[in-house]
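Participant: There's a structure below that I have some questions on.
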Amino acid sequence: MKQLTPHELEQFLSHLAVRYELRLPILLADGTRTIGSPDDGSVVLHGGAVPGKPTAAFFPQQDTIFTASQGTFSQTLPPVKPLCILGFTPADLHCLRFIDRFFGDGMRDDLYFRLRQGAVVAGITGYCGVRGALLPPAGGNCDFELFWSGENWLVRAYGATGAELVAELPNQATPKEEELFTQALATAPDSGAILLQTASQLLRTNRVPDSFWEEIGERCIACTGCNVTCPTCTCFGVLDWRSATKVERSRTWDSCQLDGFMREASGHNPLGSAALRSRRRIHHKLAADPLKWGEISCFRCGRCDATCPTGIGIMAVAQELVARFG
Amino acid sequence: MKRTLTVCPYCGTGCMFYLVSDNGRLVGVEPSSSHPVSRGGLCVKGWNAFAFVHHPERLTTPLIRKNGTLEPASWDEALDLVVARLTQIQRQHGADSVMFASSAKATNEENYLLMKLARAVFQTNNIDHCARLCHSSTVTGLAETFGSGAMTNTISCIDETDVIFVIGSNTTEQHPLIGSRIMNAVRSGTRLIVADNRRIRLARQADLHLRHTNGSDVPLLCGMMHVIIAEGLADTKFITTRTENYAALAESVADWTPERSAAETGLEAADIIAAARLYAGAERAMIFYSMGITQHSHGVDNVRCVASLAMLTGNIGRPGTGVNPLRGQNNVQGGCDMGALPDLYSGYQKVSDPENRQKFATAWRVPALPASPGLPLTRAMDAASEGKLFALFVMGENPLISDPDQHHARRALENLELLVVQDIFLTETAALAHVVLPAACYAEKEGTFTNTERRVQHLCKAVEPPGEAKTDGEIICAMAKKAGYDGMSYASQSEVMAEIASLTPSYGGISYDRLAPHGMPWPCPTPEHPGTPILHHEQFTRGRGHFSPVSHSLPREQTDADYPLVLTTGRTYFHWHTGTMTRRTHLLDREEPTSFLELHPDDAARLSIRHRDRLLVTSRRGSIQTEARVTTMVIPGVVFMPFHFAEGAANCLTNNVLDPESSIPEFKVCAVRLEKLP
Ligand code: SF4
Ligand code: SF4
């Protein structure tokens, strides 16, 4: 494992910026954090997850699929320099691993891999969460991770690209620092994981009555925030813009909390009530995905709970559900 | 990727977010996590506010009508024509033969500039904007009772109040981030009273839901005041020390026993008593109201009653209290503040006062300014249809869809010798125009918007306007120049704000360098002043709060054998007004693609109408086709329609009767009949 002082990290980042289009957590004008270019705000690696969907780097809110114009057809080319994205928390890296599987399985999603292929992803872990809280080491799911020990960034590489990038770094981590990392790695799974597993179990054994979803649905104002901030929400809607000379097809993040999401041309809607839509939002992550993909697809990044104006993000709902039916 | 902190262009809640752009194109939205209202969230319109901006139907070049069709023209050609025609019409028919319609969608600076153009350059007070259609009753009613026609408290006061009384506001749909805040407060123990006969989301979570008949707000509020006085629940100390004319109020509500109030409202007397006790019994209680109060032929009376109720219980001037009219448009508060009103300069300074005229004339370097108040927008439409108004300049409004009685509006617009429309899309109104001027949208310009809690916030430019489109401000200043006036060239929008501040006491201390990051609430009289979140703290803006007794009048149109149902109109969560932007936003348009009419299952059964049947809806003004939505949202005898849709336009049916004081139309009540279409 390597080690960098904060100053050396800056140098390492500039070095990476030669080969890669660098994106990392930055502070915007009013204190909002996001993953962006270092030119657009001051870099702030501490503070935990950024509020926006980190996987947006590979799957932006709106993306052009193609433009057809007077006999020509064009698609957006991959970026000249591949992306290098820092700022994924360990939870975010699980999300990324999950959607890599999702977008790569069967019908490979060209648009996603146009940006994802060849990109370098780095996790940020260690004692740099909200107010210095520990973000446990990722232990994988990325090319390398930066672990904040309280003084230095420890650098652990995974896979060939990561190893190659990190190889040039001169300083090895001290045994004490390595020990800190190993200890943190051994941290027990948090209570949130257990909560979700319990909730998942309750859903899969059909222990949650419809009336519960009626109540939750009544509280959903259909803002779509939970979906658009969720790193593992991958649904999009497709739209065409036609003008006299061209057709532009693009896709835009969709939301299962909208009535139009599943409405059929006949008007029939298998998700035709807020209760059914709320149920689906939770059920999909906690019950359907475990059946299809072998794991719960919520990795507790906390974003839907933070953005939901009425307090019914997935953790809040899971808590209520376990308290009442567990 | 660039991120630009700016203000949501939809509702008056005034959430701030970052527009994300890549190579000059918007690709998304990220909420501000530190903004006091948005707090990391947005409603569905905010999350999708980027999506219409690059729509292929954006106007990109000026258009002039030639041989009946709108054809592309240069800016010079278009503006020369507009100025020449306006001047010619004024020469022929007098200065007041032209009218300027400003816009609650445009910035404060642009509203100020258009009112300056109208008054200083074209020497007419014929300037107004769509506040006429939404909160003119508030401006009149609260100015009379409190001295200031704006929300008295802040949105964050919701977190510290004990009782919330929502009357005539579908808050979760129209001010979603305020509505959700109310929902959260209720979950933490705040009591909620909702008076609205639709079973809106907040009603479903309320301690008390009062489904009073349409137009019976005065009886309801007077009944509540009667109970409060009779049961000794009034705040006598507040009444004596802070208000005037109490005796007249007490006398006026003396007859409004709960039984009489119940008979007029269709409620149970017990419910009126319960509401009065709940509201008056609270240490701190907030009232929120909106179009359900204002859009009546007695809208000002409704507002007076709301103001009296709050004063009677001392719920003014403290955190967690207040009379809180929720302003609809993103900048309708600002449009009013800037004097885009026929009788007021910026900061509600009366044009009838010679000193004010002198002050503005001196600052604007013109010899004199017109003294008599101009036409309210609604009366201007009447004047146009009667051939008494000859030219209308419309900035960012779509009166053909938004004004009452569409046939009347069309007649008025078609009657004009000159109709100029400045907009971002070719709206239904623009399609009738002689000249169309392509404008930049909110994402393409700088300025300020003032939200419903009077917070003046900085709008920042994220991308360039399409084609040759220009900002409303640039267009207005170019017109002034062409009209030979040299007092309207500004190096930046902050210079315009400096001029506004120098002439407008409540904005006196506001400048762009003080607005980062999330703005400040007026009144802010000096550069050192921190702004005023809560109004009427130690005394009312007018000194003492004035109790204004009212008498009861019914909605102007009543149901009868031919038109047996009451139609009330409003909006839906997913669309904004005439749909110019939201109907060009994929997810929003998909959500509510068509016009519809809500009717109660009992009425549906009686008329053999089934869910999704095609209907013909007829009022005394016209007929439209729409789709039935059978639901218990409405009470029997009342049907509801949103006014967003040009096809199936609710405003074909509405009644163009006006409140005599505020000139607001009675959008909330008219009589219709339904027929099922094959
Ligand atoms: S964030 Fe909350 S209110 Fe918004 S759609 Fe999701 S669950 Fe509904
Ligand atoms: S609540 Fe209003 S201001 Fe906030 S995002 Fe929605 S429309 Fe925009």
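We name chains A, B, ... following the order of the structure tokens; residues begin at 1 in each chain, and ligands are numbered from 1 as shown.
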Near Glu320 (chain A), counting only C-alpha atoms, which residues have an atom at most 12 Å away, once you skip same-chain residues fewer than 4 positions from it, shown as a count of residues only?
Facilitator: 19
Participant: Throw together the list of residues within 10 Å of ligand 1, counting only C-alpha atoms and all ligand atoms, and drop it here as a VMD selection string.
Facilitator: (chain A and resid 216 to 230 255 to 258 274 277 to 278 281 to 282 303 to 314 317) or (chain B and resid 41 to 44 176 to 177 180)
Participant: Which residues form the shell of 8 Å around ligand 2 when you count only C-alpha atoms and all ligand atoms, given as a list in words?
Facilitator: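 Going residue by residue within 8 Å of ligand 2, we get Val7, Cys8, Pro9, Tyr10, Cys11, Gly12, Thr13, Gly14, Cys15, Met16, Val37, Ser38, Gly41, Leu42, Cys43, Val44, Lys45, Gly46, Trp47, Ala49, Gln174, His175, Pro176, Leu177, Ile178 and Asn330 of chain B.
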Participant: If we count only C-alpha atoms, what is near region 14-31 of chain A at a cut-off of 8 Å, once residues fewer than 3 positions away on the same chain are taken out, given as an mmCIF file with all heavy atoms, in the first residue's frame?
Facilitator:
data_model
loop_
_atom_site.group_PDB
_atom_site.id
_atom_site.type_symbol
_atom_site.label_atom_id
_atom_site.label_comp_id
_atom_site.auth_asym_id
_atom_site.auth_seq_id
_atom_site.Cartn_x
_atom_site.Cartn_y
_atom_site.Cartn_z
ATOM 1 N N GLU A 10 -2.313 16.094 -4.430
ATOM 2 C CA GLU A 10 -2.556 17.110 -5.463
ATOM 3 C C GLU A 10 -1.686 16.856 -6.684
ATOM 4 O O GLU A 10 -2.151 16.929 -7.823
ATOM 5 C CB GLU A 10 -2.265 18.510 -4.917
ATOM 6 C CG GLU A 10 -3.415 19.090 -4.129
ATOM 7 C CD GLU A 10 -3.059 20.438 -3.517
ATOM 8 O OE1 GLU A 10 -2.308 21.206 -4.160
ATOM 9 O OE2 GLU A 10 -3.518 20.695 -2.387
ATOM 10 N N GLN A 11 -0.402 16.552 -6.414
ATOM 11 C CA GLN A 11 0.514 16.299 -7.542
ATOM 12 C C GLN A 11 0.087 15.065 -8.323
ATOM 13 O O GLN A 11 0.110 15.039 -9.550
ATOM 14 C CB GLN A 11 1.939 16.112 -7.017
ATOM 15 C CG GLN A 11 2.509 17.399 -6.453
ATOM 16 C CD GLN A 11 3.848 17.170 -5.768
ATOM 17 O OE1 GLN A 11 4.077 16.127 -5.161
ATOM 18 N NE2 GLN A 11 4.725 18.152 -5.879
ATOM 19 N N THR A 34 -20.495 18.280 -5.225
ATOM 20 C CA THR A 34 -20.858 17.481 -6.394
ATOM 21 C C THR A 34 -19.586 16.877 -6.955
ATOM 22 O O THR A 34 -18.484 17.255 -6.536
ATOM 23 C CB THR A 34 -21.564 18.349 -7.452
ATOM 24 O OG1 THR A 34 -22.108 17.497 -8.460
ATOM 25 C CG2 THR A 34 -20.615 19.334 -8.120
ATOM 26 N N ILE A 35 -19.739 15.943 -7.878
ATOM 27 C CA ILE A 35 -18.545 15.428 -8.556
ATOM 28 C C ILE A 35 -18.375 16.221 -9.845
ATOM 29 O O ILE A 35 -19.264 16.222 -10.699
ATOM 30 C CB ILE A 35 -18.674 13.919 -8.825
ATOM 31 C CG1 ILE A 35 -18.659 13.192 -7.465
ATOM 32 C CG2 ILE A 35 -17.549 13.427 -9.711
ATOM 33 C CD1 ILE A 35 -18.668 11.692 -7.541
ATOM 34 N N GLY A 36 -17.281 16.941 -9.946
ATOM 35 C CA GLY A 36 -17.098 17.807 -11.103
ATOM 36 C C GLY A 36 -15.628 17.989 -11.423
ATOM 37 O O GLY A 36 -14.749 17.368 -10.801
ATOM 38 N N SER A 37 -15.405 18.859 -12.378
ATOM 39 C CA SER A 37 -14.029 19.123 -12.772
ATOM 40 C C SER A 37 -13.376 20.039 -11.734
ATOM 41 O O SER A 37 -14.030 20.945 -11.207
ATOM 42 C CB SER A 37 -14.050 19.801 -14.141
ATOM 43 O OG SER A 37 -12.907 20.587 -14.291
ATOM 44 N N PRO A 38 -12.080 19.811 -11.438
ATOM 45 C CA PRO A 38 -11.423 20.665 -10.432
ATOM 46 C C PRO A 38 -11.421 22.146 -10.843
ATOM 47 O O PRO A 38 -11.250 23.009 -9.993
ATOM 48 C CB PRO A 38 -10.005 20.106 -10.336
ATOM 49 C CG PRO A 38 -9.842 19.139 -11.454
ATOM 50 C CD PRO A 38 -11.202 18.755 -11.929
ATOM 51 N N ASP A 40 -13.998 23.734 -11.724
ATOM 52 C CA ASP A 40 -15.315 24.320 -11.452
ATOM 53 C C ASP A 40 -15.624 24.534 -9.978
ATOM 54 O O ASP A 40 -16.750 24.877 -9.621
ATOM 55 C CB ASP A 40 -16.413 23.448 -12.083
ATOM 56 C CG ASP A 40 -16.305 23.430 -13.593
ATOM 57 O OD1 ASP A 40 -15.738 24.387 -14.149
ATOM 58 O OD2 ASP A 40 -16.756 22.452 -14.213
ATOM 59 N N GLY A 41 -14.665 24.289 -9.118
ATOM 60 C CA GLY A 41 -14.921 24.496 -7.698
ATOM 61 C C GLY A 41 -13.731 23.983 -6.915
ATOM 62 O O GLY A 41 -12.866 23.304 -7.475
ATOM 63 N N SER A 42 -13.684 24.314 -5.615
ATOM 64 C CA SER A 42 -12.542 23.819 -4.863
ATOM 65 C C SER A 42 -12.762 22.348 -4.517
ATOM 66 O O SER A 42 -13.866 21.913 -4.212
ATOM 67 C CB SER A 42 -12.324 24.668 -3.610
ATOM 68 O OG SER A 42 -13.542 24.786 -2.931
ATOM 69 N N VAL A 43 -11.668 21.598 -4.594
ATOM 70 C CA VAL A 43 -11.747 20.160 -4.373
ATOM 71 C C VAL A 43 -11.926 19.891 -2.880
ATOM 72 O O VAL A 43 -11.160 20.389 -2.067
ATOM 73 C CB VAL A 43 -10.451 19.494 -4.887
ATOM 74 C CG1 VAL A 43 -10.453 18.001 -4.566
ATOM 75 C CG2 VAL A 43 -10.298 19.742 -6.380
ATOM 76 N N VAL A 44 -12.970 19.140 -2.524
ATOM 77 C CA VAL A 44 -13.181 18.785 -1.119
ATOM 78 C C VAL A 44 -13.483 17.291 -1.041
ATOM 79 O O VAL A 44 -14.596 16.852 -1.301
ATOM 80 C CB VAL A 44 -14.354 19.593 -0.513
ATOM 81 C CG1 VAL A 44 -14.566 19.203 0.940
ATOM 82 C CG2 VAL A 44 -14.072 21.077 -0.597
ATOM 83 N N LEU A 45 -12.441 16.528 -0.707
ATOM 84 C CA LEU A 45 -12.616 15.071 -0.688
ATOM 85 C C LEU A 45 -13.302 14.611 0.591
ATOM 86 O O LEU A 45 -13.924 13.556 0.628
ATOM 87 C CB LEU A 45 -11.259 14.373 -0.829
ATOM 88 C CG LEU A 45 -10.454 14.733 -2.093
ATOM 89 C CD1 LEU A 45 -9.189 13.900 -2.173
ATOM 90 C CD2 LEU A 45 -11.283 14.530 -3.357
ATOM 91 N N VAL A 50 -21.401 12.638 -2.029
ATOM 92 C CA VAL A 50 -21.970 13.864 -2.605
ATOM 93 C C VAL A 50 -23.475 13.616 -2.769
ATOM 94 O O VAL A 50 -23.900 12.479 -2.930
ATOM 95 C CB VAL A 50 -21.335 14.213 -3.973
ATOM 96 C CG1 VAL A 50 -19.865 14.515 -3.825
ATOM 97 C CG2 VAL A 50 -21.566 13.095 -4.982
ATOM 98 N N LYS A 81 -10.360 11.951 -23.894
ATOM 99 C CA LYS A 81 -9.622 11.370 -22.763
ATOM 100 C C LYS A 81 -10.609 10.568 -21.935
ATOM 101 O O LYS A 81 -11.715 11.059 -21.643
ATOM 102 C CB LYS A 81 -9.057 12.496 -21.889
ATOM 103 C CG LYS A 81 -7.822 13.154 -22.448
ATOM 104 C CD LYS A 81 -6.984 13.783 -21.342
ATOM 105 C CE LYS A 81 -7.320 15.240 -21.142
ATOM 106 N NZ LYS A 81 -6.486 15.871 -20.099
ATOM 107 N N PRO A 82 -10.262 9.349 -21.527
ATOM 108 C CA PRO A 82 -11.192 8.625 -20.658
ATOM 109 C C PRO A 82 -11.370 9.335 -19.318
ATOM 110 O O PRO A 82 -10.526 10.147 -18.911
ATOM 111 C CB PRO A 82 -10.536 7.259 -20.472
ATOM 112 C CG PRO A 82 -9.139 7.404 -20.936
ATOM 113 C CD PRO A 82 -9.043 8.605 -21.817
ATOM 114 N N LEU A 83 -12.476 9.037 -18.674
ATOM 115 C CA LEU A 83 -12.758 9.692 -17.390
ATOM 116 C C LEU A 83 -11.969 9.045 -16.257
ATOM 117 O O LEU A 83 -11.731 7.841 -16.263
ATOM 118 C CB LEU A 83 -14.249 9.569 -17.061
ATOM 119 C CG LEU A 83 -15.230 10.287 -17.978
ATOM 120 C CD1 LEU A 83 -16.660 9.858 -17.663
ATOM 121 C CD2 LEU A 83 -15.093 11.801 -17.791
ATOM 122 N N CYS A 84 -11.591 9.876 -15.288
ATOM 123 C CA CYS A 84 -11.072 9.350 -14.029
ATOM 124 C C CYS A 84 -11.902 9.997 -12.938
ATOM 125 O O CYS A 84 -11.897 11.216 -12.785
ATOM 126 C CB CYS A 84 -9.598 9.699 -13.872
ATOM 127 S SG CYS A 84 -8.987 9.322 -12.225
ATOM 128 N N ILE A 85 -12.658 9.166 -12.222
ATOM 129 C CA ILE A 85 -13.613 9.717 -11.256
ATOM 130 C C ILE A 85 -13.242 9.319 -9.841
ATOM 131 O O ILE A 85 -13.134 8.132 -9.520
ATOM 132 C CB ILE A 85 -15.021 9.219 -11.584
ATOM 133 C CG1 ILE A 85 -15.226 9.416 -13.072
ATOM 134 C CG2 ILE A 85 -16.056 9.944 -10.724
ATOM 135 C CD1 ILE A 85 -16.512 9.809 -13.529
ATOM 136 N N LEU A 86 -13.032 10.320 -9.030
ATOM 137 C CA LEU A 86 -12.783 10.082 -7.611
ATOM 138 C C LEU A 86 -14.046 10.494 -6.872
ATOM 139 O O LEU A 86 -14.778 11.355 -7.335
ATOM 140 C CB LEU A 86 -11.656 10.997 -7.114
ATOM 141 C CG LEU A 86 -10.238 10.479 -7.125
ATOM 142 C CD1 LEU A 86 -9.725 10.515 -8.551
ATOM 143 C CD2 LEU A 86 -9.366 11.356 -6.238
ATOM 144 N N GLY A 87 -14.221 9.911 -5.701
ATOM 145 C CA GLY A 87 -15.311 10.431 -4.888
ATOM 146 C C GLY A 87 -16.407 9.432 -4.643
ATOM 147 O O GLY A 87 -17.393 9.745 -4.002
ATOM 148 N N LEU B 5 -25.538 27.991 -10.373
ATOM 149 C CA LEU B 5 -26.546 28.115 -9.320
ATOM 150 C C LEU B 5 -27.589 29.125 -9.773
ATOM 151 O O LEU B 5 -27.266 30.268 -10.117
ATOM 152 C CB LEU B 5 -25.894 28.588 -8.018
ATOM 153 C CG LEU B 5 -26.830 28.767 -6.809
ATOM 154 C CD1 LEU B 5 -27.498 27.448 -6.420
ATOM 155 C CD2 LEU B 5 -26.080 29.336 -5.610
ATOM 156 N N SER B 32 -29.761 22.521 -4.733
ATOM 157 C CA SER B 32 -28.835 23.088 -3.756
ATOM 158 C C SER B 32 -29.076 22.382 -2.438
ATOM 159 O O SER B 32 -30.216 22.270 -1.994
ATOM 160 C CB SER B 32 -29.122 24.583 -3.602
ATOM 161 O OG SER B 32 -28.727 25.006 -2.313
ATOM 162 N N SER B 33 -28.008 21.904 -1.810
ATOM 163 C CA SER B 33 -28.265 21.221 -0.534
ATOM 164 C C SER B 33 -28.363 22.180 0.636
ATOM 165 O O SER B 33 -28.846 21.812 1.691
ATOM 166 C CB SER B 33 -27.243 20.123 -0.256
ATOM 167 O OG SER B 33 -26.029 20.362 -0.843
ATOM 168 N N SER B 34 -27.908 23.418 0.449
ATOM 169 C CA SER B 34 -27.932 24.333 1.589
ATOM 170 C C SER B 34 -29.040 25.384 1.504
ATOM 171 O O SER B 34 -29.193 26.191 2.404
ATOM 172 C CB SER B 34 -26.572 25.027 1.707
ATOM 173 O OG SER B 34 -26.254 25.682 0.498
ATOM 174 N N HIS B 35 -29.798 25.389 0.422
ATOM 175 C CA HIS B 35 -30.850 26.408 0.282
ATOM 176 C C HIS B 35 -31.926 26.195 1.349
ATOM 177 O O HIS B 35 -32.355 25.063 1.594
ATOM 178 C CB HIS B 35 -31.474 26.324 -1.114
ATOM 179 C CG HIS B 35 -32.416 27.442 -1.413
ATOM 180 N ND1 HIS B 35 -33.761 27.351 -1.155
ATOM 181 C CD2 HIS B 35 -32.206 28.678 -1.902
ATOM 182 C CE1 HIS B 35 -34.341 28.493 -1.505
ATOM 183 N NE2 HIS B 35 -33.418 29.315 -1.955
ATOM 184 N N ALA B 516 -25.624 36.610 -2.731
ATOM 185 C CA ALA B 516 -25.060 35.264 -2.675
ATOM 186 C C ALA B 516 -25.205 34.715 -1.256
ATOM 187 O O ALA B 516 -25.036 35.467 -0.306
ATOM 188 C CB ALA B 516 -23.580 35.318 -3.060
ATOM 189 N N PRO B 517 -25.462 33.451 -1.080
ATOM 190 C CA PRO B 517 -25.849 32.538 -2.145
ATOM 191 C C PRO B 517 -27.363 32.458 -2.346
ATOM 192 O O PRO B 517 -27.814 32.179 -3.427
ATOM 193 C CB PRO B 517 -25.322 31.192 -1.631
ATOM 194 C CG PRO B 517 -25.399 31.301 -0.136
ATOM 195 C CD PRO B 517 -25.208 32.760 0.204
ATOM 196 N N HIS B 518 -28.149 32.722 -1.283
ATOM 197 C CA HIS B 518 -29.576 32.398 -1.382
ATOM 198 C C HIS B 518 -30.488 33.597 -1.184
ATOM 199 O O HIS B 518 -31.622 33.466 -0.745
ATOM 200 C CB HIS B 518 -29.931 31.295 -0.370
ATOM 201 C CG HIS B 518 -29.128 30.038 -0.564
ATOM 202 N ND1 HIS B 518 -28.575 29.327 0.459
ATOM 203 C CD2 HIS B 518 -28.752 29.396 -1.695
ATOM 204 C CE1 HIS B 518 -27.908 28.297 -0.027
ATOM 205 N NE2 HIS B 518 -27.997 28.315 -1.332
#
Participant: From a backbone DSSP assignment, name each residue in region 4-242 of chain A labelled strand (DSSP E), as JSON, numbers by chain.
Facilitator: {"A": [4, 21, 22, 23, 24, 25, 26, 27, 33, 34, 35, 36, 42, 43, 62, 63, 64, 65, 66, 67, 68, 69, 72, 73, 74, 83, 84, 85, 86, 87, 88, 120, 121, 122, 123, 124, 125, 126, 144, 145, 146, 147, 148, 153, 154, 155, 156, 157, 236, 237, 238, 239, 240, 241, 242]}
Participant: Report as a PyMOL selection string all protein, DNA and RNA residues lying within 10 Å of Val253 (chain B), evaluated on only C-alpha atoms, omitting residues in the same chain fewer than 6 positions from it.
Facilitator: chain B and resi 219+221-227+229+549-551
Participant: Please produce an output containing N, CA, C and O atoms for each residue in the selection, written as a tab-separated table (two decimals), in the first residue's frame.
Facilitator:
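What follows is the written file part_14.tsv:
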chain	number	residue	atom	x	y	z
B	219	PRO	N	-68.74	33.48	4.61
B	219	PRO	CA	-69.52	32.89	5.71
B	219	PRO	C	-68.69	31.99	6.63
B	219	PRO	O	-68.86	32.01	7.84
B	221	LEU	N	-65.38	32.10	7.28
B	221	LEU	CA	-64.43	32.86	8.10
B	221	LEU	C	-65.17	33.73	9.12
B	221	LEU	O	-64.74	33.87	10.26
B	222	CYS	N	-66.29	34.30	8.69
B	222	CYS	CA	-67.06	35.12	9.64
B	222	CYS	C	-67.64	34.24	10.74
B	222	CYS	O	-67.70	34.64	11.91
B	223	GLY	N	-68.07	33.05	10.37
B	223	GLY	CA	-68.58	32.11	11.38
B	223	GLY	C	-67.49	31.79	12.39
B	223	GLY	O	-67.73	31.77	13.61
B	224	MET	N	-66.29	31.54	11.92
B	224	MET	CA	-65.18	31.24	12.83
B	224	MET	C	-64.91	32.45	13.74
B	224	MET	O	-64.70	32.30	14.95
B	225	MET	N	-64.94	33.65	13.16
B	225	MET	CA	-64.66	34.84	13.98
B	225	MET	C	-65.76	35.06	15.02
B	225	MET	O	-65.48	35.44	16.15
B	226	HIS	N	-66.98	34.76	14.61
B	226	HIS	CA	-68.10	34.87	15.56
B	226	HIS	C	-67.82	33.97	16.79
B	226	HIS	O	-67.94	34.40	17.93
B	227	VAL	N	-67.45	32.74	16.52
B	227	VAL	CA	-67.21	31.78	17.61
B	227	VAL	C	-66.05	32.27	18.49
B	227	VAL	O	-66.12	32.23	19.73
B	229	ILE	N	-64.99	35.26	19.06
B	229	ILE	CA	-65.39	36.39	19.92
B	229	ILE	C	-66.35	35.90	21.00
B	229	ILE	O	-66.18	36.17	22.19
B	549	PRO	N	-64.51	45.11	7.98
B	549	PRO	CA	-65.69	44.23	7.93
B	549	PRO	C	-66.16	44.06	6.49
B	549	PRO	O	-65.96	44.95	5.66
B	550	VAL	N	-66.78	42.93	6.22
B	550	VAL	CA	-67.26	42.71	4.85
B	550	VAL	C	-68.71	42.26	4.89
B	550	VAL	O	-69.20	41.78	5.91
B	551	SER	N	-69.38	42.40	3.76
B	551	SER	CA	-70.71	41.80	3.67
B	551	SER	C	-70.61	40.63	2.71
B	551	SER	O	-69.67	40.53	1.92
Participant: If you count only C-alpha atoms, which residues fall within 6 Å of region 658-670 of chain B, apart from same-chain ones fewer than 5 positions away, as a list in words?
Facilitator: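 Listed by chain and then number, they are Arg132, Leu133, Ser136, Ser137, Gln295, His296, Ser297, His298, Glu557, Val566, Leu567, Thr568 and Thr569 of chain B.
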Participant: Find the spatial neighbours of region 137-141 of chain A, counting only C-alpha atoms, within a cut-off of 8 Å - ignore same-chain residues fewer than 3 positions away - and output them as a PyMOL selection string.
Facilitator: chain A and resi 89-90+93-94+96-97+123+125-126+144-145+147+158+181+184-185
Participant: Could you save those same residues with C-alpha atoms as a PDB file, in the first residue's frame?
Facilitator:
ATOM      1  CA  THR A  89     -17.835   6.080  -1.250  1.00  0.00           C
ATOM      2  CA  PRO A  90     -17.686   2.348  -0.537  1.00  0.00           C
ATOM      3  CA  LEU A  93     -18.742   1.582  -5.450  1.00  0.00           C
ATOM      4  CA  HIS A  94     -21.136  -1.255  -4.711  1.00  0.00           C
ATOM      5  CA  LEU A  96     -21.385   1.051  -9.559  1.00  0.00           C
ATOM      6  CA  ARG A  97     -20.480  -2.622  -9.488  1.00  0.00           C
ATOM      7  CA  GLY A 123     -12.987   5.232  -4.000  1.00  0.00           C
ATOM      8  CA  THR A 125     -12.675   5.990   2.260  1.00  0.00           C
ATOM      9  CA  GLY A 126     -11.297   6.297   5.771  1.00  0.00           C
ATOM     10  CA  PHE A 144      -7.759   2.218  -6.454  1.00  0.00           C
ATOM     11  CA  GLU A 145      -8.980   3.651  -3.216  1.00  0.00           C
ATOM     12  CA  PHE A 147      -8.077   5.913   2.520  1.00  0.00           C
ATOM     13  CA  TYR A 158      -7.045  -3.168  -7.312  1.00  0.00           C
ATOM     14  CA  PHE A 181      -6.564   0.153   7.212  1.00  0.00           C
ATOM     15  CA  ALA A 184     -11.103  -0.544   9.513  1.00  0.00           C
ATOM     16  CA  LEU A 185     -11.639  -3.283   6.949  1.00  0.00           C
TER      17      LEU A 185
END
Participant: With only C-alpha atoms counted and 10 Å as the cut-off, give the residues of region 110-213 of chain A in contact with region 291-297 of chain A, each with its shortest interatomic distance in Å and the pair that gives it, as JSON lines.
Facilitator:
{"residue": "A:Ala193", "atom": "CA", "partner": "A:Ile296", "partner_atom": "CA", "distance": 9.7}
{"residue": "A:Leu196", "atom": "CA", "partner": "A:Ile296", "partner_atom": "CA", "distance": 8.2}
{"residue": "A:Gln197", "atom": "CA", "partner": "A:Ile296", "partner_atom": "CA", "distance": 8.0}
{"residue": "A:Ser200", "atom": "CA", "partner": "A:Ile296", "partner_atom": "CA", "distance": 7.9}
{"residue": "A:Arg204", "atom": "CA", "partner": "A:Leu291", "partner_atom": "CA", "distance": 9.5}
